[in-house]
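Coordinates from model28.cif are shown below (mmCIF, C-alpha atoms and all ligand atoms).
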```
data_upload
#
loop_
_atom_site.label_atom_id
_atom_site.label_comp_id
_atom_site.auth_asym_id
_atom_site.auth_seq_id
_atom_site.Cartn_x
_atom_site.Cartn_y
_atom_site.Cartn_z
CA LYS A 1 115.07 145.01 94.89
CA TYR A 2 111.61 145.07 96.45
CA GLU A 3 112.00 147.94 98.92
CA SER A 4 108.25 148.55 98.95
CA TYR A 5 107.71 144.99 100.18
CA PRO A 6 109.67 144.71 103.40
CA TYR A 7 109.36 141.53 105.46
CA GLU A 8 106.53 142.74 107.70
CA ARG A 9 104.41 143.90 104.78
CA VAL A 10 104.87 140.60 102.95
CA GLN A 11 103.88 138.72 106.08
CA LYS A 12 100.72 140.83 106.47
CA ILE A 13 99.65 140.26 102.87
CA ARG A 14 100.25 136.57 103.33
CA GLU A 15 97.97 136.52 106.36
CA GLN A 16 95.22 138.57 104.74
CA ASN A 17 95.20 137.79 101.03
CA ILE A 18 96.91 134.47 100.38
CA ALA A 19 95.22 131.08 100.70
CA PRO A 20 95.61 130.04 104.35
CA SER A 21 96.01 126.38 103.36
CA LEU A 22 99.50 127.28 102.12
CA ARG A 23 101.89 126.78 105.01
CA THR A 24 105.38 128.16 105.29
CA TYR A 25 108.34 126.36 106.83
CA TYR A 26 110.50 127.74 109.65
CA ARG A 27 109.46 129.92 112.57
CA LYS A 28 110.55 132.92 110.53
CA PRO A 29 109.88 131.90 106.91
CA LEU A 30 112.44 132.88 104.32
CA LEU A 31 111.70 135.82 102.06
CA LEU A 32 113.52 134.89 98.89
CA HIS A 33 114.72 137.27 96.23
CA GLN A 34 116.91 135.35 93.87
CA GLY A 35 118.23 131.97 92.88
CA HIS A 36 121.31 130.71 91.11
CA MET A 37 121.94 127.00 90.50
CA GLN A 38 121.96 125.32 93.97
CA TRP A 39 121.82 128.66 95.77
CA LEU A 40 119.02 130.90 97.03
CA PHE A 41 119.37 134.46 98.32
CA ASP A 42 117.04 136.13 100.80
CA HIS A 43 115.93 139.75 101.17
CA GLU A 44 119.03 140.59 103.14
CA GLY A 45 121.37 138.99 100.62
CA ARG A 46 122.02 135.91 102.77
CA ARG A 47 122.92 132.84 100.74
CA TYR A 48 121.35 129.41 101.32
CA LEU A 49 122.26 126.02 99.94
CA ASP A 50 118.94 124.73 98.62
CA LEU A 51 118.49 121.08 99.53
CA PHE A 52 114.82 120.99 98.71
CA ALA A 53 114.75 122.62 95.26
CA GLY A 54 111.16 123.82 95.56
CA ILE A 55 110.20 120.23 96.39
CA VAL A 56 112.32 118.48 93.75
CA THR A 57 111.21 120.89 91.06
CA VAL A 58 114.41 122.76 90.32
CA SER A 59 116.17 119.89 88.62
CA VAL A 60 119.10 121.48 86.80
CA GLY A 61 119.62 124.54 89.03
CA HIS A 62 117.83 127.82 89.76
CA CYS A 63 117.89 130.10 86.71
CA HIS A 64 120.18 127.70 84.87
CA PRO A 65 121.79 129.92 82.16
CA LYS A 66 120.94 127.55 79.33
CA VAL A 67 117.28 127.29 80.29
CA THR A 68 117.03 131.03 80.97
CA MET A 69 118.57 131.91 77.60
CA ALA A 70 116.31 129.54 75.67
CA THR A 71 113.26 130.91 77.49
CA GLN A 72 114.22 134.53 76.87
CA LYS A 73 114.69 133.85 73.17
CA GLN A 74 111.32 132.15 72.91
CA LEU A 75 109.60 134.90 74.92
CA ALA A 76 110.42 137.33 72.14
CA ARG A 77 109.29 134.95 69.41
CA LEU A 78 105.99 133.29 70.36
CA TRP A 79 104.44 132.47 73.73
CA HIS A 80 101.38 130.63 72.81
CA THR A 81 99.50 128.79 70.13
CA THR A 82 97.01 126.12 70.97
CA ASN A 83 97.98 122.85 69.43
CA ILE A 84 95.35 123.13 66.75
CA TYR A 85 98.24 124.75 64.82
CA MET A 86 101.60 123.21 64.16
CA TYR A 87 104.65 124.63 65.84
CA PRO A 88 108.15 123.14 65.62
CA ALA A 89 108.95 123.41 69.34
CA ILE A 90 106.32 120.90 70.39
CA HIS A 91 107.41 118.40 67.75
CA GLU A 92 111.03 118.78 68.66
CA TYR A 93 110.23 118.36 72.34
CA ALA A 94 107.90 115.39 71.84
CA GLU A 95 110.61 113.64 69.82
CA LYS A 96 113.33 114.45 72.34
CA LEU A 97 111.32 113.43 75.40
CA THR A 98 109.94 110.19 73.99
CA SER A 99 113.42 109.18 72.75
CA LEU A 100 114.29 108.77 76.43
CA PHE A 101 111.61 106.10 76.91
CA PRO A 102 111.73 102.43 76.03
CA ASP A 103 109.24 101.00 73.54
CA PRO A 104 106.26 101.12 73.47
CA LEU A 105 106.12 104.36 75.48
CA LYS A 106 106.24 106.80 72.60
CA VAL A 107 103.21 109.10 72.77
CA VAL A 108 103.20 112.24 74.88
CA TYR A 109 100.42 114.48 76.23
CA LEU A 110 101.57 117.78 77.63
CA THR A 111 99.77 119.19 80.65
CA ASN A 112 100.45 121.88 83.25
CA SER A 113 100.85 120.18 86.62
CA GLY A 114 101.44 116.80 88.18
CA SER A 115 97.87 116.56 89.42
CA GLU A 116 96.61 117.21 85.92
CA ALA A 117 98.96 114.57 84.51
CA ASN A 118 97.72 111.99 87.02
CA ASP A 119 94.10 112.99 86.38
CA LEU A 120 94.69 112.26 82.72
CA ALA A 121 96.48 108.98 83.49
CA MET A 122 93.50 107.82 85.58
CA PHE A 123 91.08 108.88 82.89
CA MET A 124 93.05 107.03 80.22
CA ALA A 125 93.39 103.87 82.27
CA ARG A 126 89.63 103.78 82.84
CA LEU A 127 88.78 104.61 79.25
CA HIS A 128 91.18 102.05 77.83
CA THR A 129 90.37 99.15 80.13
CA ARG A 130 86.68 100.00 80.55
CA ASN A 131 87.26 99.21 84.23
CA PHE A 132 86.98 101.71 87.03
CA ASP A 133 89.02 100.82 90.09
CA ILE A 134 92.50 102.18 90.63
CA ILE A 135 94.83 101.10 93.41
CA SER A 136 97.55 103.17 95.03
CA LEU A 137 100.00 102.66 97.88
CA ARG A 138 99.41 104.21 101.30
CA GLY A 139 101.73 107.10 101.90
CA GLY A 140 101.69 108.02 98.22
CA TYR A 141 101.12 111.53 96.91
CA HIS A 142 99.63 111.80 93.43
CA GLY A 143 97.98 115.19 93.46
CA GLY A 144 95.54 117.53 95.12
CA SER A 145 92.75 117.58 92.49
CA PRO A 146 89.44 115.96 93.39
CA TYR A 147 90.28 112.99 91.11
CA THR A 148 93.82 112.39 92.33
CA LEU A 149 93.03 113.03 95.99
CA GLY A 150 91.47 109.58 95.96
CA LEU A 151 94.94 108.15 95.20
CA THR A 152 96.86 110.42 97.55
CA SER A 153 97.06 108.60 100.84
CA LEU A 154 98.45 110.99 103.43
CA THR A 155 96.09 112.27 106.11
CA PRO A 156 97.30 115.90 106.15
CA TYR A 157 96.14 116.26 102.54
CA LYS A 158 92.76 114.62 103.05
CA HIS A 159 89.65 116.75 103.43
CA GLY A 160 86.26 115.53 104.59
CA VAL A 161 84.54 115.68 101.24
CA ALA A 162 83.66 113.02 98.71
CA ASN A 163 86.41 112.56 96.15
CA GLY A 164 88.18 110.00 94.08
CA PHE A 165 85.51 107.33 93.74
CA GLY A 166 86.93 103.99 92.67
CA CYS A 167 90.25 104.54 94.41
CA THR A 168 91.54 101.93 96.85
CA THR A 169 94.75 102.18 98.83
CA THR A 170 96.85 99.21 99.82
CA MET A 171 99.59 98.54 102.35
CA LEU A 172 102.83 100.42 101.93
CA PRO A 173 105.76 98.03 101.64
CA ASP A 174 108.00 100.09 103.92
CA VAL A 175 111.04 98.03 104.88
CA PHE A 176 112.03 100.38 107.70
CA ARG A 177 108.72 101.05 109.44
CA GLY A 178 106.44 98.32 108.17
CA PRO A 179 105.96 94.93 109.82
CA TRP A 180 108.42 93.27 107.43
CA GLY A 181 111.74 94.43 106.14
CA GLY A 182 115.37 94.55 106.92
CA SER A 183 118.95 95.07 106.11
CA HIS A 184 119.14 94.08 102.47
CA CYS A 185 115.71 94.63 101.02
CA ARG A 186 116.01 97.92 99.20
CA ASP A 187 117.95 99.34 96.28
CA SER A 188 120.01 101.95 98.15
CA PRO A 189 123.66 102.37 99.15
CA VAL A 190 122.37 102.51 102.73
CA GLN A 191 120.27 99.73 104.22
CA THR A 192 118.22 99.82 107.40
CA VAL A 193 119.86 98.74 110.63
CA ARG A 194 116.91 96.46 111.17
CA LYS A 195 117.74 92.74 111.14
CA CYS A 196 116.51 90.85 108.13
CA SER A 197 115.34 87.29 107.80
CA CYS A 198 115.73 87.31 104.03
CA SER A 199 118.11 84.89 102.42
CA GLU A 200 120.16 85.27 99.25
CA GLY A 201 117.79 85.53 96.29
CA ALA A 202 114.59 85.47 98.33
CA CYS A 203 113.09 88.50 100.01
CA LEU A 204 110.68 87.45 102.71
CA ALA A 205 109.51 91.03 103.23
CA LYS A 206 108.63 91.39 99.53
CA ASP A 207 106.64 88.12 99.67
CA GLN A 208 104.68 89.30 102.70
CA TYR A 209 103.85 92.67 101.17
CA ILE A 210 102.79 91.00 97.94
CA GLU A 211 100.43 88.80 100.00
CA GLN A 212 98.89 92.01 101.36
CA PHE A 213 98.61 93.39 97.83
CA LYS A 214 96.81 90.20 96.74
CA ASP A 215 94.53 90.50 99.75
CA THR A 216 93.46 93.98 98.60
CA LEU A 217 92.86 92.67 95.08
CA ASN A 218 90.81 89.78 96.45
CA THR A 219 88.70 91.76 98.89
CA SER A 220 88.42 95.43 98.00
CA VAL A 221 88.02 95.73 94.22
CA PRO A 222 86.16 93.91 91.44
CA LYS A 223 87.84 91.04 89.58
CA THR A 224 89.08 93.44 86.94
CA VAL A 225 90.67 96.80 87.64
CA ALA A 226 91.60 99.89 85.65
CA GLY A 227 95.06 100.26 87.08
CA PHE A 228 97.68 100.67 89.74
CA ILE A 229 99.74 103.80 90.38
CA ALA A 230 102.95 104.08 92.40
CA GLU A 231 105.95 106.34 92.75
CA PRO A 232 109.20 104.40 92.25
CA ILE A 233 110.37 105.99 95.51
CA GLN A 234 107.73 107.80 97.55
CA GLY A 235 108.45 111.50 97.58
CA VAL A 236 106.23 113.44 99.97
CA ASN A 237 106.21 110.50 102.38
CA GLY A 238 109.99 110.78 102.83
CA ALA A 239 111.85 108.75 100.19
CA VAL A 240 110.21 105.46 101.19
CA GLN A 241 111.60 102.57 99.16
CA TYR A 242 109.95 99.22 98.53
CA PRO A 243 111.67 95.84 98.67
CA ARG A 244 113.31 94.75 95.43
CA ASN A 245 110.91 93.12 92.95
CA PHE A 246 107.81 94.34 94.77
CA LEU A 247 106.75 96.56 91.88
CA LYS A 248 107.56 93.87 89.34
CA GLU A 249 105.23 91.38 91.02
CA ALA A 250 102.56 94.00 91.73
CA TYR A 251 102.56 95.01 88.04
CA GLN A 252 102.09 91.38 87.06
CA LEU A 253 99.13 90.96 89.41
CA ILE A 254 97.48 94.12 88.06
CA ARG A 255 97.98 93.06 84.45
CA GLU A 256 96.46 89.65 85.20
CA ARG A 257 93.35 91.59 86.25
CA GLY A 258 93.22 93.66 83.07
CA GLY A 259 94.67 96.81 84.63
CA LEU A 260 97.31 99.27 83.49
CA CYS A 261 100.40 100.17 85.50
CA ILE A 262 101.14 103.85 86.04
CA SER A 263 104.50 105.12 87.21
CA ASP A 264 104.34 108.53 88.86
CA GLU A 265 107.77 109.96 88.05
CA VAL A 266 106.93 113.46 89.18
CA GLN A 267 109.77 113.33 91.72
CA THR A 268 111.91 110.41 90.59
CA GLY A 269 112.27 111.25 86.91
CA PHE A 270 114.96 113.04 84.89
CA GLY A 271 117.98 111.28 86.34
CA ARG A 272 117.37 112.04 90.00
CA THR A 273 117.86 108.46 91.15
CA GLY A 274 121.29 108.48 89.51
CA SER A 275 121.59 104.95 88.18
CA HIS A 276 118.73 105.42 85.72
CA PHE A 277 116.92 108.24 83.98
CA TRP A 278 113.49 107.01 85.15
CA GLY A 279 112.60 105.54 88.50
CA PHE A 280 110.69 102.63 86.97
CA GLN A 281 113.92 101.42 85.37
CA THR A 282 115.40 100.91 88.84
CA HIS A 283 112.62 98.37 89.46
CA GLY A 284 113.11 96.54 86.15
CA VAL A 285 109.57 97.27 84.94
CA ILE A 286 108.01 99.03 81.96
CA PRO A 287 104.79 100.84 82.88
CA ASP A 288 101.86 101.43 80.54
CA ILE A 289 101.58 105.09 81.50
CA VAL A 290 104.20 107.42 82.98
CA THR A 291 103.45 110.81 84.52
CA LEU A 292 106.00 113.63 84.73
CA ALA A 293 106.01 117.09 86.34
CA LYS A 294 108.17 119.22 88.66
CA GLY A 295 111.74 118.69 87.39
CA ILE A 296 110.50 118.45 83.79
CA GLY A 297 110.48 122.27 83.60
CA ASN A 298 113.03 123.19 86.29
CA GLY A 299 110.29 125.28 87.90
CA PHE A 300 108.31 126.26 84.81
CA PRO A 301 104.72 125.03 85.19
CA MET A 302 104.53 122.08 82.83
CA ALA A 303 103.90 118.34 83.06
CA ALA A 304 103.39 115.34 80.81
CA VAL A 305 101.87 111.91 80.39
CA VAL A 306 103.71 109.37 78.28
CA THR A 307 101.97 106.24 77.08
CA THR A 308 101.64 103.76 74.24
CA LYS A 309 100.04 104.34 70.87
CA GLU A 310 97.41 101.75 71.65
CA ILE A 311 96.34 103.35 74.94
CA ALA A 312 96.41 106.80 73.35
CA SER A 313 94.00 105.60 70.67
CA SER A 314 91.32 105.10 73.33
CA LEU A 315 91.40 108.81 74.05
CA ALA A 316 91.22 109.66 70.35
CA GLN A 317 87.65 108.43 69.97
CA ASN A 318 86.51 111.88 71.04
CA LEU A 319 88.10 115.29 71.47
CA HIS A 320 90.56 115.90 74.26
CA PHE A 321 91.96 119.39 74.57
CA ASN A 322 94.24 121.37 76.87
CA THR A 323 94.73 125.11 76.21
CA PHE A 324 98.16 125.54 77.76
CA GLY A 325 99.46 121.99 77.50
CA GLY A 326 102.41 121.93 75.12
CA ASN A 327 102.60 125.68 74.57
CA PRO A 328 105.76 126.82 72.74
CA LEU A 329 107.31 128.36 75.82
CA ALA A 330 106.89 125.19 77.89
CA CYS A 331 108.28 123.02 75.10
CA VAL A 332 111.36 125.21 74.71
CA VAL A 333 111.93 125.14 78.48
CA GLY A 334 111.47 121.35 78.55
CA ALA A 335 113.94 120.84 75.72
CA ALA A 336 116.53 123.12 77.37
CA VAL A 337 116.16 121.19 80.63
CA LEU A 338 116.85 117.91 78.83
CA ASP A 339 119.90 119.47 77.17
CA ALA A 340 121.17 120.78 80.52
CA ILE A 341 120.78 117.36 82.16
CA GLU A 342 122.85 115.84 79.38
CA GLU A 343 125.46 118.57 78.96
CA ASP A 344 126.05 119.00 82.70
CA SER A 345 126.04 115.18 83.24
CA LEU A 346 123.47 115.63 85.96
CA GLN A 347 122.30 112.03 86.10
CA LYS A 348 125.89 110.97 86.76
CA ASN A 349 126.24 113.78 89.29
CA SER A 350 123.09 112.58 91.06
CA GLU A 351 124.59 109.13 91.30
CA ILE A 352 128.03 110.20 92.52
CA VAL A 353 127.08 113.07 94.83
CA GLY A 354 123.86 111.35 95.97
CA THR A 355 125.68 108.16 96.93
CA TYR A 356 128.33 110.20 98.72
CA MET A 357 125.66 112.14 100.61
CA LEU A 358 123.79 108.98 101.59
CA LEU A 359 126.96 107.45 103.01
CA GLU A 360 127.85 110.65 104.88
CA LEU A 361 124.32 110.85 106.32
CA ALA A 362 124.52 107.20 107.34
CA LYS A 363 127.39 108.23 109.63
CA LEU A 364 124.99 110.64 111.35
CA ARG A 365 122.55 107.77 111.82
CA ASP A 366 125.29 105.83 113.56
CA GLU A 367 126.26 108.85 115.69
CA PHE A 368 122.80 110.03 116.77
CA GLU A 369 120.03 107.92 118.22
CA ILE A 370 117.26 110.11 116.88
CA VAL A 371 118.31 109.45 113.29
CA GLY A 372 116.46 106.21 112.66
CA ASP A 373 116.94 105.64 108.96
CA VAL A 374 118.86 107.08 106.04
CA ARG A 375 117.56 105.94 102.67
CA GLY A 376 117.12 106.73 99.03
CA LYS A 377 118.92 106.59 95.77
CA GLY A 378 120.85 109.30 93.96
CA LEU A 379 119.63 112.71 95.07
CA MET A 380 116.26 111.38 96.24
CA ILE A 381 117.10 111.13 99.92
CA GLY A 382 115.17 110.66 103.17
CA VAL A 383 116.39 110.89 106.75
CA GLU A 384 113.86 109.53 109.21
CA MET A 385 114.01 111.05 112.66
CA VAL A 386 112.61 108.54 115.09
CA THR A 387 111.14 111.09 117.49
CA ASP A 388 110.12 113.59 114.83
CA LYS A 389 109.28 113.88 111.15
CA THR A 390 111.25 112.84 108.09
CA PHE A 391 113.73 115.14 106.40
CA ARG A 392 113.47 115.17 102.65
CA ILE A 393 116.65 116.04 100.77
CA LYS A 394 116.20 116.64 97.07
CA PRO A 395 118.54 119.37 95.92
CA PRO A 396 119.08 120.69 92.41
CA MET A 397 121.08 117.97 90.66
CA CYS A 398 124.07 120.30 90.23
CA ILE A 399 125.20 120.19 93.88
CA THR A 400 128.76 119.15 94.64
CA LYS A 401 130.51 117.02 97.28
CA ARG A 402 131.68 120.25 98.88
CA ASP A 403 128.04 121.32 99.29
CA VAL A 404 127.30 117.91 100.81
CA ASN A 405 130.13 118.27 103.33
CA PHE A 406 128.77 121.66 104.33
CA ALA A 407 125.18 120.38 104.61
CA VAL A 408 126.11 117.29 106.62
CA GLU A 409 128.17 119.41 108.99
CA VAL A 410 125.22 121.79 109.52
CA PHE A 411 122.97 118.78 110.11
CA ARG A 412 125.48 117.30 112.58
CA THR A 413 125.69 120.59 114.50
CA ALA A 414 121.89 120.84 114.68
CA LEU A 415 121.57 117.25 115.89
CA GLN A 416 124.26 117.80 118.50
CA LYS A 417 122.48 120.93 119.76
CA HIS A 418 119.23 119.00 119.94
CA MET A 419 120.87 116.20 121.92
CA ASP A 420 122.58 118.65 124.29
CA ARG A 421 119.30 120.44 124.92
CA ALA A 422 117.50 117.15 125.55
CA ALA A 423 120.25 116.04 127.97
CA ALA A 424 120.05 119.34 129.89
CA LYS A 425 116.28 118.99 130.46
N1 LIG A 501 102.91 113.24 92.10
C1 LIG A 501 103.91 113.37 92.98
C2 LIG A 501 104.81 112.21 93.24
C3 LIG A 501 104.13 114.58 93.63
O1 LIG A 501 105.11 114.70 94.52
C4 LIG A 501 103.28 115.67 93.34
C5 LIG A 501 103.48 117.02 94.02
N2 LIG A 501 104.01 116.99 95.29
C6 LIG A 501 102.26 115.49 92.42
C7 LIG A 501 102.10 114.26 91.81
C8 LIG A 501 101.30 116.60 92.07
O2 LIG A 501 101.95 117.58 91.34
P1 LIG A 501 101.40 119.09 91.27
O3 LIG A 501 101.61 119.72 92.60
O4 LIG A 501 102.20 119.69 90.16
O5 LIG A 501 99.94 119.00 90.92
#
```
Output the file's structure as structure tokens, nothing else.
Ligand code: PMP
Amino acid sequence: KYESYPYERVQKIREQNIAPSLRTYYRKPLLLHQGHMQWLFDHEGRRYLDLFAGIVTVSVGHCHPKVTMATQKQLARLWHTTNIYMYPAIHEYAEKLTSLFPDPLKVVYLTNSGSEANDLAMFMARLHTRNFDIISLRGGYHGGSPYTLGLTSLTPYKHGVANGFGCTTTMLPDVFRGPWGGSHCRDSPVQTVRKCSCSEGACLAKDQYIEQFKDTLNTSVPKTVAGFIAEPIQGVNGAVQYPRNFLKEAYQLIRERGGLCISDEVQTGFGRTGSHFWGFQTHGVIPDIVTLAKGIGNGFPMAAVVTTKEIASSLAQNLHFNTFGGNPLACVVGAAVLDAIEEDSLQKNSEIVGTYMLLELAKLRDEFEIVGDVRGKGLMIGVEMVTDKTFRIKPPMCITKRDVNFAVEVFRTALQKHMDRAAAK
């Protein structure tokens, strides 16, 4: 209980002492006190079904007992050693994590945030290729550090200062909103209602977007590039999916120009897309560098970069050091999260419950005009409101069909209220 911090006092401190760039949601922001699995509890004991999971970060459930127990045990044993010493937890975790990747992705660097992981990925790509330019997709979010802000391509996050030299953005292959796309372009149980001129086996939209990608390569960067970064499904931008085979062909074009391909799995990793453990697998590609954060620690601040031995050797020419990266506590948390995903069959749950939720939400799209698109894969879901912003639904992976029924009913009621109010105006 935090009796000395009643709502009004918390609000005042927020106004006076907390960075004003941090925005809260809702007219009356929630004051949270506790979490358990897919549930959150506010200061008055009200329970909420959490469909956002701290922006996809709580992967296995708030205060998951297994993760909590492992953390508590480690807290009493050893919090920190820098990795100039050996400690079993980091070796165990490195082995466990890399076992989930296909060859040749077998070397891991542990960092503390997604931005830091992408900073390192950029650095490595440049160092290894001896090229400088990195390309990202518009609408992508790759971090808020000065380096990664050059890749992040969303106006609300852009500030009018010089950052991210050598970063070029290219057209987002958005099959719902973009100039090309249609009803069977994307890998989702729900397709757009938009008519499609694609034929069996050939995706016209993909071809057009690839032409745009080539145009960027031919006009905006040197003949050789350091790399290309993309999220398998865009997270912050609202679960935007690309046409099938887009990434495959984009990767090929980048590799022809000497660049490395980076998959930002900060939101899509750890089974969230359901059918596969990693988002890149849903596109049939193997990246050269993969970055992980958020769900990797179920809320514990940790992140990682996974790459090949060859690429890692470029960084070994000189010292590279990170004080907190790979600390014992983080490694124990990371290992417990992987165990929880496996033991609770959370990838399977993402697939089953996510598909169910997508299909239920698609009914809302058919019922309400303002729901323009329902998309995504597993529990990486977007609902695009055509007169407003996009809803992002990314709950802890332990939610059930019953939770989905409840959430969809709440959504339906809210939409109905909105429509009634609009009609009364
Ligand atoms: N990549 C993606 C896809 C993200 O969604 C985010 C965070 N929203 C980041 C990178 C940056 O992670 P962090 O906030 O931990 O720096």
Item to complete: Considering all atoms listed in the file, state which residue in the set A:Pro20, A:Pro301, A:Pro189, A:Gly326 is at the smallest distance from Ala362 in chain A.
Response: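 Once distances to Ala362 in chain A are computed over all atoms listed in the file, the minimum belongs to A:Pro189.
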Worksheet item: At a cut-off of 8 Å from (100.0, 107.3, 78.4) in the coordinates of the file, what residues are picked up using all atoms listed in the file, written as number ranges by chain?
Response: A: 105, 107-109, 121, 124, 288-291, 305-308, 311-312
Item to complete: Using CA of Ser314 in chain A and CA of Phe246 in chain A as the two end points, give the distance in Å to one decimal.
Response: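 The value is 29.1 Å.
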Fill in: Polymer residues at most 10 Å from Ile210 in chain A, all atoms listed in the file, same-chain spacing of 6 or more positions, as a ChimeraX atom specification
/A:171,173,204,216,245-247,249-250,253
Pull the closest atom pair for each residue of chain A that gets at most 7 Å from ligand LIG 501 (chain A), along with the distance in Å to one decimal, counting all atoms listed in the file, ordering rows by chain and then ascending residue number, as a tab-separated table.
```
residue	atom	partner	partner_atom	distance
A:Ser113	CA	A:LIG501	O4	3.8
A:Gly114	CA	A:LIG501	O2	3.3
A:Ser115	CA	A:LIG501	O5	3.5
A:Glu116	CA	A:LIG501	O5	6.3
A:Asn118	CA	A:LIG501	C7	6.9
A:Tyr141	CA	A:LIG501	C1	5.2
A:His142	CA	A:LIG501	N1	3.8
A:Gly143	CA	A:LIG501	C8	3.9
A:Gly144	CA	A:LIG501	O5	6.3
A:Glu231	CA	A:LIG501	C2	6.0
A:Gln234	CA	A:LIG501	C2	6.8
A:Gly235	CA	A:LIG501	O1	5.5
A:Val236	CA	A:LIG501	O1	5.7
A:Asp264	CA	A:LIG501	C2	5.7
A:Glu265	CA	A:LIG501	C2	6.4
A:Val266	CA	A:LIG501	C2	4.7
A:Gln267	CA	A:LIG501	C2	5.3
A:Ala293	CA	A:LIG501	O4	6.0
A:Lys294	CA	A:LIG501	O4	6.2
```
Worksheet item: Quick one: distance from CA of Arg402 in chain A to CA of Gly354 in chain A in Å, one decimal?
Response: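 CA of Gly354 in chain A lies at a distance of 12.2 Å from CA of Arg402 in chain A.
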Worksheet entry | Distance of CA of Phe300 in chain A from CA of Arg392 in chain A, expressed in Å to one decimal place | 21.6 Å
Shell of 12 Å around range 403-411 of chain A, only C-alpha atoms, local chain residues under 3 positions omitted, as an mmCIF file with C-alpha atoms, in the frame of the given file:
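The resulting part-v9.cif:
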```cif
data_model
loop_
_atom_site.group_PDB
_atom_site.id
_atom_site.type_symbol
_atom_site.label_atom_id
_atom_site.label_comp_id
_atom_site.auth_asym_id
_atom_site.auth_seq_id
_atom_site.Cartn_x
_atom_site.Cartn_y
_atom_site.Cartn_z
ATOM 1 C CA GLN A 38 121.960 125.320 93.970
ATOM 2 C CA TRP A 39 121.820 128.660 95.770
ATOM 3 C CA TYR A 48 121.350 129.410 101.320
ATOM 4 C CA LEU A 49 122.260 126.020 99.940
ATOM 5 C CA ASP A 50 118.940 124.730 98.620
ATOM 6 C CA LEU A 51 118.490 121.080 99.530
ATOM 7 C CA PHE A 52 114.820 120.990 98.710
ATOM 8 C CA SER A 350 123.090 112.580 91.060
ATOM 9 C CA ILE A 352 128.030 110.200 92.520
ATOM 10 C CA VAL A 353 127.080 113.070 94.830
ATOM 11 C CA GLY A 354 123.860 111.350 95.970
ATOM 12 C CA THR A 355 125.680 108.160 96.930
ATOM 13 C CA TYR A 356 128.330 110.200 98.720
ATOM 14 C CA MET A 357 125.660 112.140 100.610
ATOM 15 C CA LEU A 358 123.790 108.980 101.590
ATOM 16 C CA LEU A 359 126.960 107.450 103.010
ATOM 17 C CA GLU A 360 127.850 110.650 104.880
ATOM 18 C CA LEU A 361 124.320 110.850 106.320
ATOM 19 C CA ALA A 362 124.520 107.200 107.340
ATOM 20 C CA LYS A 363 127.390 108.230 109.630
ATOM 21 C CA LEU A 364 124.990 110.640 111.350
ATOM 22 C CA ARG A 365 122.550 107.770 111.820
ATOM 23 C CA GLU A 367 126.260 108.850 115.690
ATOM 24 C CA PHE A 368 122.800 110.030 116.770
ATOM 25 C CA VAL A 371 118.310 109.450 113.290
ATOM 26 C CA LEU A 379 119.630 112.710 95.070
ATOM 27 C CA VAL A 383 116.390 110.890 106.750
ATOM 28 C CA PHE A 391 113.730 115.140 106.400
ATOM 29 C CA ILE A 393 116.650 116.040 100.770
ATOM 30 C CA LYS A 394 116.200 116.640 97.070
ATOM 31 C CA PRO A 395 118.540 119.370 95.920
ATOM 32 C CA PRO A 396 119.080 120.690 92.410
ATOM 33 C CA MET A 397 121.080 117.970 90.660
ATOM 34 C CA CYS A 398 124.070 120.300 90.230
ATOM 35 C CA ILE A 399 125.200 120.190 93.880
ATOM 36 C CA THR A 400 128.760 119.150 94.640
ATOM 37 C CA ALA A 414 121.890 120.840 114.680
ATOM 38 C CA LEU A 415 121.570 117.250 115.890
ATOM 39 C CA GLN A 416 124.260 117.800 118.500
ATOM 40 C CA LYS A 417 122.480 120.930 119.760
ATOM 41 C CA HIS A 418 119.230 119.000 119.940
#
```
Discussion item. When you look at range 272-285 of chain A with a cut-off of 6 Å (counting all atoms listed in the file), what residues show up, excluding the ones that are within fewer than 4 positions of it in the same chain? I need them as a PyMOL selection string.
Written reply: chain A and resi 232+248+268+347-348+350-351+377-379
Selection to disk with C-alpha atoms, as a PDB file, keeping the file's coordinate frame:
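Contents of result_17.pdb, freshly written:
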```
ATOM      1  CA  PRO A 232     109.200 104.400  92.250  1.00  0.00           C
ATOM      2  CA  LYS A 248     107.560  93.870  89.340  1.00  0.00           C
ATOM      3  CA  THR A 268     111.910 110.410  90.590  1.00  0.00           C
ATOM      4  CA  GLN A 347     122.300 112.030  86.100  1.00  0.00           C
ATOM      5  CA  LYS A 348     125.890 110.970  86.760  1.00  0.00           C
ATOM      6  CA  SER A 350     123.090 112.580  91.060  1.00  0.00           C
ATOM      7  CA  GLU A 351     124.590 109.130  91.300  1.00  0.00           C
ATOM      8  CA  LYS A 377     118.920 106.590  95.770  1.00  0.00           C
ATOM      9  CA  GLY A 378     120.850 109.300  93.960  1.00  0.00           C
ATOM     10  CA  LEU A 379     119.630 112.710  95.070  1.00  0.00           C
TER      11      LEU A 379
END
```
Worksheet item: Between A:Thr192, A:Thr413, A:Ser313, A:Ser199, which has the minimum distance to Gly372 in chain A (counting all atoms listed in the file)?
Response: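 Using all atoms listed in the file, Gly372 in chain A sits closest to A:Thr192.
Ranking A:His184, A:Arg47, A:His80, A:Lys214 by their shortest atom-to-atom distance to Leu32 in chain A, with all atoms listed in the file included, puts A:Arg47 first.
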Worksheet item: Hey, what's within 9 Å of Lys223 in chain A if we count only C-alpha atoms and toss same-chain stuff fewer than 4 positions away? As a PyMOL selection string, please?
Response: chain A and resi 217-218+257-258
Would you compute the box with edges along x, y and z of the file around range 296-311 of chain A, including every atom the file lists for it and 3 Å extra on each side, and give its centre and edge lengths in Å to one decimal, as AutoDock Vina command-line options?
```
--center_x 104.7 --center_y 114.0 --center_z 79.4 --size_x 22.7 --size_y 30.5 --size_z 23.0
```
